[in-house]
>>> print(open('my_file.cif').read())   # mmCIF, C-alpha atoms and all ligand atoms
data_query
#
loop_
_atom_site.label_atom_id
_atom_site.label_comp_id
_atom_site.auth_asym_id
_atom_site.auth_seq_id
_atom_site.Cartn_x
_atom_site.Cartn_y
_atom_site.Cartn_z
CA MET A 20 106.06 71.07 118.05
CA ALA A 21 109.12 70.58 115.87
CA LEU A 22 111.03 72.75 113.42
CA ALA A 23 112.42 70.78 110.47
CA SER A 24 114.33 72.82 107.91
CA ASN A 25 116.64 72.01 105.02
CA SER A 26 118.83 74.89 106.24
CA PRO A 27 121.95 73.83 108.14
CA ARG A 28 121.40 73.62 111.88
CA ALA A 29 123.81 76.53 112.46
CA SER A 30 121.79 78.85 110.16
CA ILE A 31 118.59 77.93 111.97
CA GLU A 32 120.24 78.76 115.31
CA THR A 33 121.38 82.15 114.00
CA LYS A 34 118.07 83.09 112.45
CA ILE A 35 115.93 81.96 115.36
CA SER A 36 118.10 83.87 117.84
CA TYR A 37 116.60 87.13 116.52
CA HIS A 38 113.08 86.10 117.56
CA GLN A 39 112.57 86.09 121.27
CA GLY A 40 110.88 83.00 122.64
CA TRP A 41 110.76 81.12 119.36
CA LYS A 42 113.49 78.62 120.13
CA GLU A 43 111.77 77.63 123.35
CA SER A 44 108.51 76.99 121.42
CA PHE A 45 109.99 73.93 119.75
CA SER A 46 110.77 70.72 121.56
CA VAL A 47 112.67 69.45 118.51
CA ILE A 48 114.77 71.36 115.97
CA ILE A 49 116.40 69.54 113.03
CA GLY A 50 118.57 71.02 110.29
CA GLY A 51 119.24 69.72 106.80
CA ASP A 52 122.76 68.67 107.77
CA GLU A 53 121.42 66.35 110.47
CA VAL A 54 119.76 63.91 108.06
CA ARG A 55 121.10 62.00 105.06
CA MET A 56 118.60 63.40 102.56
CA GLY A 57 116.79 66.70 102.73
CA LYS A 58 113.29 67.52 101.49
CA PRO A 59 111.61 66.31 99.28
CA SER A 60 112.78 63.13 101.01
CA PRO A 61 110.48 62.36 103.95
CA GLU A 62 113.49 61.63 106.16
CA ILE A 63 113.62 64.95 108.03
CA PHE A 64 109.93 64.81 109.00
CA LEU A 65 110.12 61.14 109.98
CA GLU A 66 113.12 61.95 112.17
CA ALA A 67 111.23 64.90 113.71
CA ALA A 68 108.25 62.65 114.51
CA LYS A 69 110.55 60.06 116.03
CA ARG A 70 112.19 62.63 118.29
CA LEU A 71 108.76 64.00 119.24
CA ASN A 72 107.76 60.42 119.99
CA ILE A 73 104.62 60.89 117.88
CA ASP A 74 103.32 58.68 115.07
CA PRO A 75 103.85 60.39 111.66
CA SER A 76 100.15 59.94 110.84
CA ASN A 77 99.35 62.18 113.82
CA CYS A 78 101.57 65.01 112.60
CA LEU A 79 100.53 68.17 110.80
CA VAL A 80 103.16 69.80 108.59
CA VAL A 81 103.02 73.54 107.83
CA GLU A 82 105.13 74.24 104.75
CA ASP A 83 105.89 77.10 102.40
CA SER A 84 107.92 75.21 99.79
CA LEU A 85 106.94 72.63 97.23
CA PRO A 86 109.72 70.14 98.14
CA GLY A 87 108.57 70.52 101.77
CA VAL A 88 104.98 69.66 100.88
CA MET A 89 106.19 66.59 98.97
CA ALA A 90 108.34 65.54 101.92
CA GLY A 91 105.44 65.88 104.35
CA LYS A 92 103.08 63.83 102.19
CA ALA A 93 105.77 61.19 101.62
CA ALA A 94 106.14 60.98 105.41
CA GLY A 95 102.42 60.13 105.66
CA MET A 96 101.58 63.40 107.36
CA GLU A 97 98.86 65.94 106.77
CA VAL A 98 100.19 69.09 105.10
CA VAL A 99 98.98 72.68 105.10
CA ALA A 100 100.80 74.74 102.46
CA VAL A 101 101.42 78.47 102.88
CA PRO A 102 103.11 79.41 99.59
CA SER A 103 105.64 82.18 100.08
CA LEU A 104 104.85 83.69 96.69
CA PRO A 105 101.37 84.97 95.82
CA LYS A 106 99.25 83.39 93.07
CA GLN A 107 101.22 80.12 93.29
CA SER A 108 98.57 78.02 95.03
CA HIS A 109 97.78 76.02 91.86
CA LEU A 110 101.24 74.39 92.14
CA TYR A 111 100.49 72.99 95.58
CA THR A 112 97.76 70.49 94.70
CA SER A 113 99.39 67.68 96.70
CA ALA A 114 98.87 69.59 99.97
CA ASP A 115 95.79 68.81 102.06
CA GLU A 116 95.01 72.54 102.22
CA VAL A 117 96.54 75.67 100.74
CA ILE A 118 96.15 78.83 102.78
CA ASN A 119 97.10 82.39 101.89
CA SER A 120 98.92 83.25 105.10
CA LEU A 121 99.39 81.99 108.65
CA LEU A 122 96.48 84.26 109.63
CA ASP A 123 94.30 81.56 108.05
CA LEU A 124 95.75 78.58 109.88
CA ARG A 125 92.82 76.93 111.71
CA LEU A 126 94.27 74.21 113.89
CA GLU A 127 90.86 72.89 114.92
CA LYS A 128 90.40 71.62 111.34
CA TRP A 129 93.19 69.15 112.08
CA GLY A 130 92.03 67.98 115.48
CA LEU A 131 94.41 70.32 117.31
CA PRO A 132 93.51 72.95 119.92
CA SER A 133 92.44 76.15 118.18
CA PHE A 134 94.17 79.50 118.55
CA GLN A 135 92.54 81.38 121.41
CA ASP A 136 92.94 84.93 120.12
CA TRP A 137 90.06 84.98 117.60
CA ILE A 138 87.27 87.10 119.01
CA GLU A 139 83.84 87.66 117.39
CA SER A 140 85.06 86.44 113.98
CA THR A 141 88.11 88.72 114.06
CA LEU A 142 91.80 88.24 114.76
CA PRO A 143 93.55 91.06 116.62
CA ILE A 144 96.87 91.93 114.97
CA GLU A 145 99.84 94.08 115.90
CA PRO A 146 98.50 97.41 114.59
CA TRP A 147 100.09 98.83 111.49
CA TYR A 148 99.78 102.21 109.88
CA ILE A 149 99.45 103.52 106.37
CA GLY A 150 98.43 106.86 105.00
CA GLY A 151 98.56 109.31 102.13
CA PRO A 152 96.38 111.14 99.68
CA VAL A 153 93.27 109.40 98.35
CA ILE A 154 93.86 108.48 94.71
CA LYS A 155 91.63 107.38 91.84
CA GLY A 156 91.10 103.63 91.70
CA PHE A 157 89.44 101.56 89.00
CA GLY A 158 86.28 103.63 89.33
CA ARG A 159 84.17 100.55 89.93
CA GLY A 160 83.76 100.53 93.72
CA SER A 161 80.74 102.83 93.78
CA LYS A 162 79.60 102.15 90.25
CA VAL A 163 79.79 98.36 90.02
CA LEU A 164 79.46 97.31 93.65
CA GLY A 165 77.74 100.28 95.32
CA ILE A 166 80.65 100.20 97.77
CA PRO A 167 83.07 103.14 97.48
CA THR A 168 86.66 102.39 98.47
CA ALA A 169 89.07 105.28 98.99
CA ASN A 170 92.17 103.91 97.31
CA LEU A 171 95.55 104.82 98.78
CA SER A 172 98.74 105.27 96.83
CA THR A 173 101.19 102.46 97.52
CA ASP A 174 104.17 104.76 96.87
CA GLY A 175 106.68 104.44 99.69
CA TYR A 176 104.86 101.47 101.17
CA SER A 177 106.14 98.68 98.93
CA THR A 178 107.96 96.90 101.78
CA LEU A 179 105.05 97.20 104.21
CA LEU A 180 102.63 96.09 101.53
CA SER A 181 104.68 93.07 100.49
CA GLU A 182 104.96 92.03 104.15
CA GLN A 183 101.22 92.29 104.82
CA PRO A 184 99.29 89.23 103.72
CA SER A 185 96.44 90.04 101.35
CA GLY A 186 93.02 89.79 102.92
CA VAL A 187 90.18 91.68 104.56
CA TYR A 188 91.14 93.86 107.52
CA PHE A 189 89.50 96.57 109.60
CA GLY A 190 90.43 99.48 111.80
CA TRP A 191 90.13 103.23 112.05
CA ALA A 192 90.41 105.84 109.31
CA GLY A 193 91.34 109.49 109.87
CA LEU A 194 90.51 112.12 107.25
CA SER A 195 92.55 115.23 107.97
CA THR A 196 89.73 117.77 107.70
CA ARG A 197 86.76 115.63 108.75
CA GLY A 198 87.35 113.16 111.59
CA VAL A 199 87.89 109.52 112.50
CA TYR A 200 85.67 106.74 111.13
CA LYS A 201 85.35 102.98 111.31
CA MET A 202 86.86 101.27 108.31
CA VAL A 203 86.87 97.85 106.64
CA MET A 204 89.20 97.15 103.75
CA SER A 205 90.63 94.69 101.31
CA ILE A 206 94.32 94.39 100.51
CA GLY A 207 95.36 92.39 97.52
CA TRP A 208 94.57 91.58 93.94
CA ASN A 209 90.78 91.29 94.19
CA PRO A 210 90.47 87.75 92.76
CA PHE A 211 87.00 88.56 91.42
CA PHE A 212 88.57 91.19 89.15
CA ASN A 213 92.04 89.57 89.06
CA ASN A 214 94.01 92.84 89.26
CA THR A 215 97.71 92.85 88.43
CA GLU A 216 98.61 95.30 91.22
CA LYS A 217 98.21 94.78 94.96
CA THR A 218 95.83 97.54 96.09
CA ILE A 219 94.62 98.95 99.38
CA GLU A 220 90.89 99.66 99.34
CA PRO A 221 89.33 101.00 102.54
CA TRP A 222 85.58 101.49 102.80
CA LEU A 223 84.88 104.17 105.39
CA LEU A 224 81.76 103.23 107.34
CA HIS A 225 80.11 106.62 107.12
CA ASP A 226 77.88 108.40 104.60
CA PHE A 227 79.76 111.26 102.98
CA ASN A 228 77.95 113.73 100.77
CA GLU A 229 80.91 114.15 98.44
CA ASP A 230 84.09 112.62 97.15
CA PHE A 231 87.35 113.39 98.95
CA TYR A 232 90.01 112.66 96.35
CA GLY A 233 93.38 114.17 97.23
CA GLU A 234 92.62 114.46 100.94
CA GLU A 235 95.07 112.94 103.45
CA LEU A 236 93.74 109.59 104.69
CA ARG A 237 95.39 107.73 107.55
CA LEU A 238 94.62 104.16 108.56
CA THR A 239 95.30 102.27 111.76
CA VAL A 240 94.76 98.61 110.94
CA VAL A 241 93.88 96.61 114.06
CA GLY A 242 92.33 93.32 113.01
CA TYR A 243 91.94 90.64 110.38
CA ILE A 244 88.71 89.07 109.12
CA ARG A 245 89.33 86.67 106.22
CA PRO A 246 91.39 85.96 103.10
CA GLU A 247 90.43 87.54 99.79
CA ALA A 248 88.24 85.16 97.83
CA ASN A 249 86.68 84.74 94.44
CA PHE A 250 82.89 84.63 94.14
CA PRO A 251 80.50 83.03 91.66
CA SER A 252 78.63 86.31 91.18
CA LEU A 253 78.84 90.04 91.81
CA GLU A 254 75.88 89.75 94.20
CA SER A 255 77.66 87.19 96.36
CA LEU A 256 80.81 89.38 96.49
CA VAL A 257 78.72 92.38 97.53
CA ALA A 258 76.85 90.33 100.15
CA LYS A 259 80.15 89.11 101.62
CA ILE A 260 81.55 92.66 101.81
CA HIS A 261 78.41 93.76 103.70
CA GLU A 262 78.95 90.85 106.08
CA ASP A 263 82.54 92.09 106.57
CA ARG A 264 81.15 95.56 107.33
CA GLU A 265 78.88 94.17 110.05
CA VAL A 266 81.72 92.16 111.59
CA ALA A 267 83.96 95.27 111.60
CA GLU A 268 81.24 97.61 112.93
CA ARG A 269 80.62 95.30 115.87
CA ALA A 270 84.25 94.41 116.61
CA LEU A 271 85.36 98.05 116.65
CA GLU A 272 83.10 98.58 119.68
CA LEU A 273 85.22 96.14 121.71
CA PRO A 274 87.72 97.97 123.97
CA LEU A 275 90.48 95.85 122.44
CA TYR A 276 89.90 97.68 119.14
CA SER A 277 88.00 100.86 120.10
CA ASN A 278 90.99 102.19 122.05
CA TYR A 279 92.78 102.81 118.77
CA ARG A 280 90.17 105.37 117.73
CA ASP A 281 92.27 107.89 119.68
CA ASP A 282 95.54 106.85 118.07
CA PRO A 283 97.45 110.12 117.47
CA TYR A 284 98.55 108.82 114.06
CA LEU A 285 95.02 109.23 112.72
CA LYS A 286 95.04 112.96 113.40
CA GLY A 287 98.76 113.44 112.83
CA SER A 288 98.55 115.89 109.97
CA LEU A 289 96.06 118.05 111.92
CA GLN A 290 98.56 118.53 114.73
CA MET A 291 101.54 118.83 112.44
CA ASN A 292 100.16 121.63 110.27
CA GLY A 293 98.68 123.51 113.24
CA ASN A 294 95.18 123.42 111.83
CA HIS A 295 92.83 123.67 114.81
CA SER A 296 89.57 123.91 112.89
P1 LIG A 301 87.85 104.71 92.88
O1 LIG A 301 87.90 103.55 91.98
O2 LIG A 301 88.40 105.95 92.25
O3 LIG A 301 88.43 104.44 94.23
P2 LIG A 301 85.24 104.35 94.02
O4 LIG A 301 84.04 104.10 93.19
O5 LIG A 301 85.82 103.21 94.77
O6 LIG A 301 86.30 105.02 93.07
O7 LIG A 301 84.88 105.52 95.00
C1 LIG A 301 85.83 105.91 95.96
C2 LIG A 301 85.75 107.38 96.24
O8 LIG A 301 84.46 107.72 96.77
C3 LIG A 301 86.74 107.76 97.32
O9 LIG A 301 88.00 108.12 96.76
C4 LIG A 301 86.06 108.95 98.00
O10 LIG A 301 86.46 110.14 97.37
C5 LIG A 301 84.57 108.70 97.79
N1 LIG A 301 83.83 108.18 98.94
C6 LIG A 301 82.61 108.63 99.33
N2 LIG A 301 82.16 107.96 100.40
C7 LIG A 301 83.11 107.05 100.73
C8 LIG A 301 83.21 106.06 101.76
N3 LIG A 301 82.25 105.89 102.67
N4 LIG A 301 84.33 105.29 101.79
C9 LIG A 301 85.30 105.45 100.88
N5 LIG A 301 85.26 106.35 99.88
C10 LIG A 301 84.17 107.18 99.78
N1 LIG A 302 87.41 91.68 96.05
C1 LIG A 302 87.56 90.38 95.75
O1 LIG A 302 87.80 90.03 94.60
N2 LIG A 302 87.46 89.41 96.73
C2 LIG A 302 87.16 89.72 98.01
O2 LIG A 302 87.08 88.81 98.84
C3 LIG A 302 86.97 91.09 98.35
N3 LIG A 302 86.67 91.45 99.62
C4 LIG A 302 86.48 92.77 99.92
C5 LIG A 302 86.18 93.15 101.22
C6 LIG A 302 85.98 94.49 101.55
C7 LIG A 302 85.65 94.85 102.96
C8 LIG A 302 86.10 95.49 100.55
C9 LIG A 302 85.88 96.93 100.88
C10 LIG A 302 86.42 95.12 99.26
C11 LIG A 302 86.60 93.77 98.92
N4 LIG A 302 86.91 93.37 97.62
C12 LIG A 302 87.10 92.05 97.32
C13 LIG A 302 87.41 94.39 96.69
C14 LIG A 302 86.45 94.86 95.68
O3 LIG A 302 86.54 93.96 94.62
C15 LIG A 302 86.97 96.24 95.27
O4 LIG A 302 86.73 97.14 96.30
C16 LIG A 302 86.34 96.67 94.00
O5 LIG A 302 86.90 95.91 92.97
C17 LIG A 302 86.58 98.13 93.72
O6 LIG A 302 87.86 98.36 93.18
MG MG A 303 87.97 102.52 95.11
#
>>> encode(input="my_file.cif", output="structure tokens")
Amino acid sequence: MALASNSPRASIETKISYHQGWKESFSVIIGGDEVRMGKPSPEIFLEAAKRLNIDPSNCLVVEDSLPGVMAGKAAGMEVVAVPSLPKQSHLYTSADEVINSLLDLRLEKWGLPSFQDWIESTLPIEPWYIGGPVIKGFGRGSKVLGIPTANLSTDGYSTLLSEQPSGVYFGWAGLSTRGVYKMVMSIGWNPFFNNTEKTIEPWLLHDFNEDFYGEELRLTVVGYIRPEANFPSLESLVAKIHEDREVAERALELPLYSNYRDDPYLKGSLQMNGNHS
């Protein structure tokens, strides 16, 4: 595995030093100042292949930039593009595949050994936390899809939200006055409806007899299922979301995920306001 970047070698060294174990993951590291021409010239990738002692046609390039994709293709390599900006995938047509985030990198598609951490159609992630009062959404979850999603305000979470790839996730949901429930959610722009704002839409896997707008909702997000997608019909979108529900229901029984049901964060406001009901 090689790292080939247009950044000067010294900048790469500095940046990588903040990430433990990363430097050791690469057997070759090349900076832009170590070749005559940077990307989009194929030179840097050809040099990387040479130092790896691997034929360019046997290399897979993972790239976030357009010049990088061009360089990889010019080097005769296969290229997976992971655009760093959302909604830019249409610009990357020369790539062999465009994925939304590294969560969707499937090495087995390219004849490489697959990642071993996928389990029962889910990818465990470093848990992350988000909470706040339930706000009004577009009003179409229950009405149009028959799937209510308790939308969360994104106020104060803009950094977290911009760092989290869009997609379908699952975990545990705590409602301050009610309890802890399984949860499956989408984060993103809902391609089927093409929203302009990135939203967080958790579906709590429990039948409630009433709405709970304004109540404090806390989420512990523990796993990833799939990227957001567009669908040819409303029925196929609904069917897919029900499939997601089944995947989440099952996965959350695994100790790996079920342990987080007791995460103190989910009940935080209960303890903090001394409400023992
Ligand atoms: P909105 O567009 O305002 O989010 P929805 O049609 O998506 O409206 O309905 C979501 C609302 O339904 C939630 O805010 C909540 O008050 C209520 N609700 C009832 N049951 C559930 C559930 N199982 N999961 C999520 N929200 C639910
Ligand atoms: N919307 C999409 O446009 N594409 C999706 O792939 C998608 N997946 C979803 C998965 C789950 C588990 C949930 C709860 C919602 C999903 N939605 C998706 C969002 C759905 O469009 C949204 O909840 C409604 O538009 C209500 O605002
Ligand atoms: Mg909703």
>>> residues_near_ligand(input="my_file.cif", ligand="ligand LIG 301 (chain A)", cutoff="7 Å", atoms="all atoms listed in the file", output="count of residues only")
26
>>> atom_distance(input="my_file.cif", atom1="atom CA of Gly190 of chain A", atom2="atom CA of Tyr243 of chain A")
9.1 Å
>>> residues_around(input="my_file.cif", residues="Ala192 of chain A", least_positions_apart="6", cutoff="8 Å", atoms="only C-alpha atoms", output="count of residues only")
10
>>> residues_near_ligand(input="my_file.cif", ligand="ligand LIG 302 (chain A)", cutoff="6 Å", atoms="all atoms listed in the file", output="list of chain:residue names")
A:Phe157, A:Arg159, A:Gly160, A:Thr168, A:Val187, A:Val203, A:Met204, A:Ser205, A:Asn209, A:Pro210, A:Phe211, A:Phe212, A:Glu220, A:Pro221, A:Trp222, A:Glu247, A:Ala248, A:Asn249, A:Ile260, A:Asp263
>>> write_last_selection(input="my_file.cif", atoms="C-alpha atoms", output="PDB file, keeping the file's coordinate frame")
ATOM      1  CA  PHE A 157      89.440 101.560  89.000  1.00  0.00           C
ATOM      2  CA  ARG A 159      84.170 100.550  89.930  1.00  0.00           C
ATOM      3  CA  GLY A 160      83.760 100.530  93.720  1.00  0.00           C
ATOM      4  CA  THR A 168      86.660 102.390  98.470  1.00  0.00           C
ATOM      5  CA  VAL A 187      90.180  91.680 104.560  1.00  0.00           C
ATOM      6  CA  VAL A 203      86.870  97.850 106.640  1.00  0.00           C
ATOM      7  CA  MET A 204      89.200  97.150 103.750  1.00  0.00           C
ATOM      8  CA  SER A 205      90.630  94.690 101.310  1.00  0.00           C
ATOM      9  CA  ASN A 209      90.780  91.290  94.190  1.00  0.00           C
ATOM     10  CA  PRO A 210      90.470  87.750  92.760  1.00  0.00           C
ATOM     11  CA  PHE A 211      87.000  88.560  91.420  1.00  0.00           C
ATOM     12  CA  PHE A 212      88.570  91.190  89.150  1.00  0.00           C
ATOM     13  CA  GLU A 220      90.890  99.660  99.340  1.00  0.00           C
ATOM     14  CA  PRO A 221      89.330 101.000 102.540  1.00  0.00           C
ATOM     15  CA  TRP A 222      85.580 101.490 102.800  1.00  0.00           C
ATOM     16  CA  GLU A 247      90.430  87.540  99.790  1.00  0.00           C
ATOM     17  CA  ALA A 248      88.240  85.160  97.830  1.00  0.00           C
ATOM     18  CA  ASN A 249      86.680  84.740  94.440  1.00  0.00           C
ATOM     19  CA  ILE A 260      81.550  92.660 101.810  1.00  0.00           C
ATOM     20  CA  ASP A 263      82.540  92.090 106.570  1.00  0.00           C
TER      21      ASP A 263
END
>>> atom_distance(input="my_file.cif", atom1="atom CA of Arg55 of chain A", atom2="atom CA of Ala100 of chain A")
24.1 Å
>>> residues_around(input="my_file.cif", residues="Asp74 of chain A", least_positions_apart="4", cutoff="10 Å", atoms="only C-alpha atoms", output="PDB file with C-alpha atoms, in the coordinates of the input")
ATOM      1  CA  LEU A  65     110.120  61.140 109.980  1.00  0.00           C
ATOM      2  CA  ALA A  68     108.250  62.650 114.510  1.00  0.00           C
ATOM      3  CA  LYS A  69     110.550  60.060 116.030  1.00  0.00           C
ATOM      4  CA  CYS A  78     101.570  65.010 112.600  1.00  0.00           C
ATOM      5  CA  GLY A  95     102.420  60.130 105.660  1.00  0.00           C
ATOM      6  CA  MET A  96     101.580  63.400 107.360  1.00  0.00           C
TER       7      MET A  96
END
>>> closest_residue(input="my_file.cif", among="A:Ile144, A:Ile48, A:Arg70, A:Gly165", to="ligand MG 303 (chain A)", atoms="only C-alpha atoms and all ligand atoms")
A:Gly165
>>> atom_distance(input="my_file.cif", atom1="atom CA of Leu85 of chain A", atom2="atom CA of Glu53 of chain A")
20.6 Å
>>> closest_residue(input="my_file.cif", among="A:Asn278, A:Ser185, A:Ser172, A:Asn228", to="ligand MG 303 (chain A)", atoms="all atoms listed in the file")
A:Ser172
>>> residues_around(input="my_file.cif", residues="Ile244 of chain A", least_positions_apart="2", cutoff="8 Å", atoms="only C-alpha atoms", output="MDAnalysis selection string")
chainID A and resid 140:142 186:189 242 246 263
>>> closest_residue(input="my_file.cif", among="A:Leu164, A:Val101, A:Ile138, A:Val240", to="Gln183 of chain A", atoms="only C-alpha atoms")
A:Val240
>>> axis_aligned_box(input="my_file.cif", around="segment 233-251 of chain A", padding_each_side="8 Å", output="AutoDock Vina command-line options")
--center_x 87.9 --center_y 98.7 --center_z 102.9 --size_x 30.9 --size_y 47.4 --size_z 38.4
>>> residues_around(input="my_file.cif", residues="Thr173 of chain A", least_positions_apart="5", cutoff="9 Å", atoms="only C-alpha atoms", output="JSON, numbers by chain")
{"A": [151, 180, 217, 218, 219]}
>>> closest_residue(input="my_file.cif", among="A:Tyr284, A:His261, A:Pro146, A:Ser181", to="Val241 of chain A", atoms="all atoms listed in the file")
A:Pro146
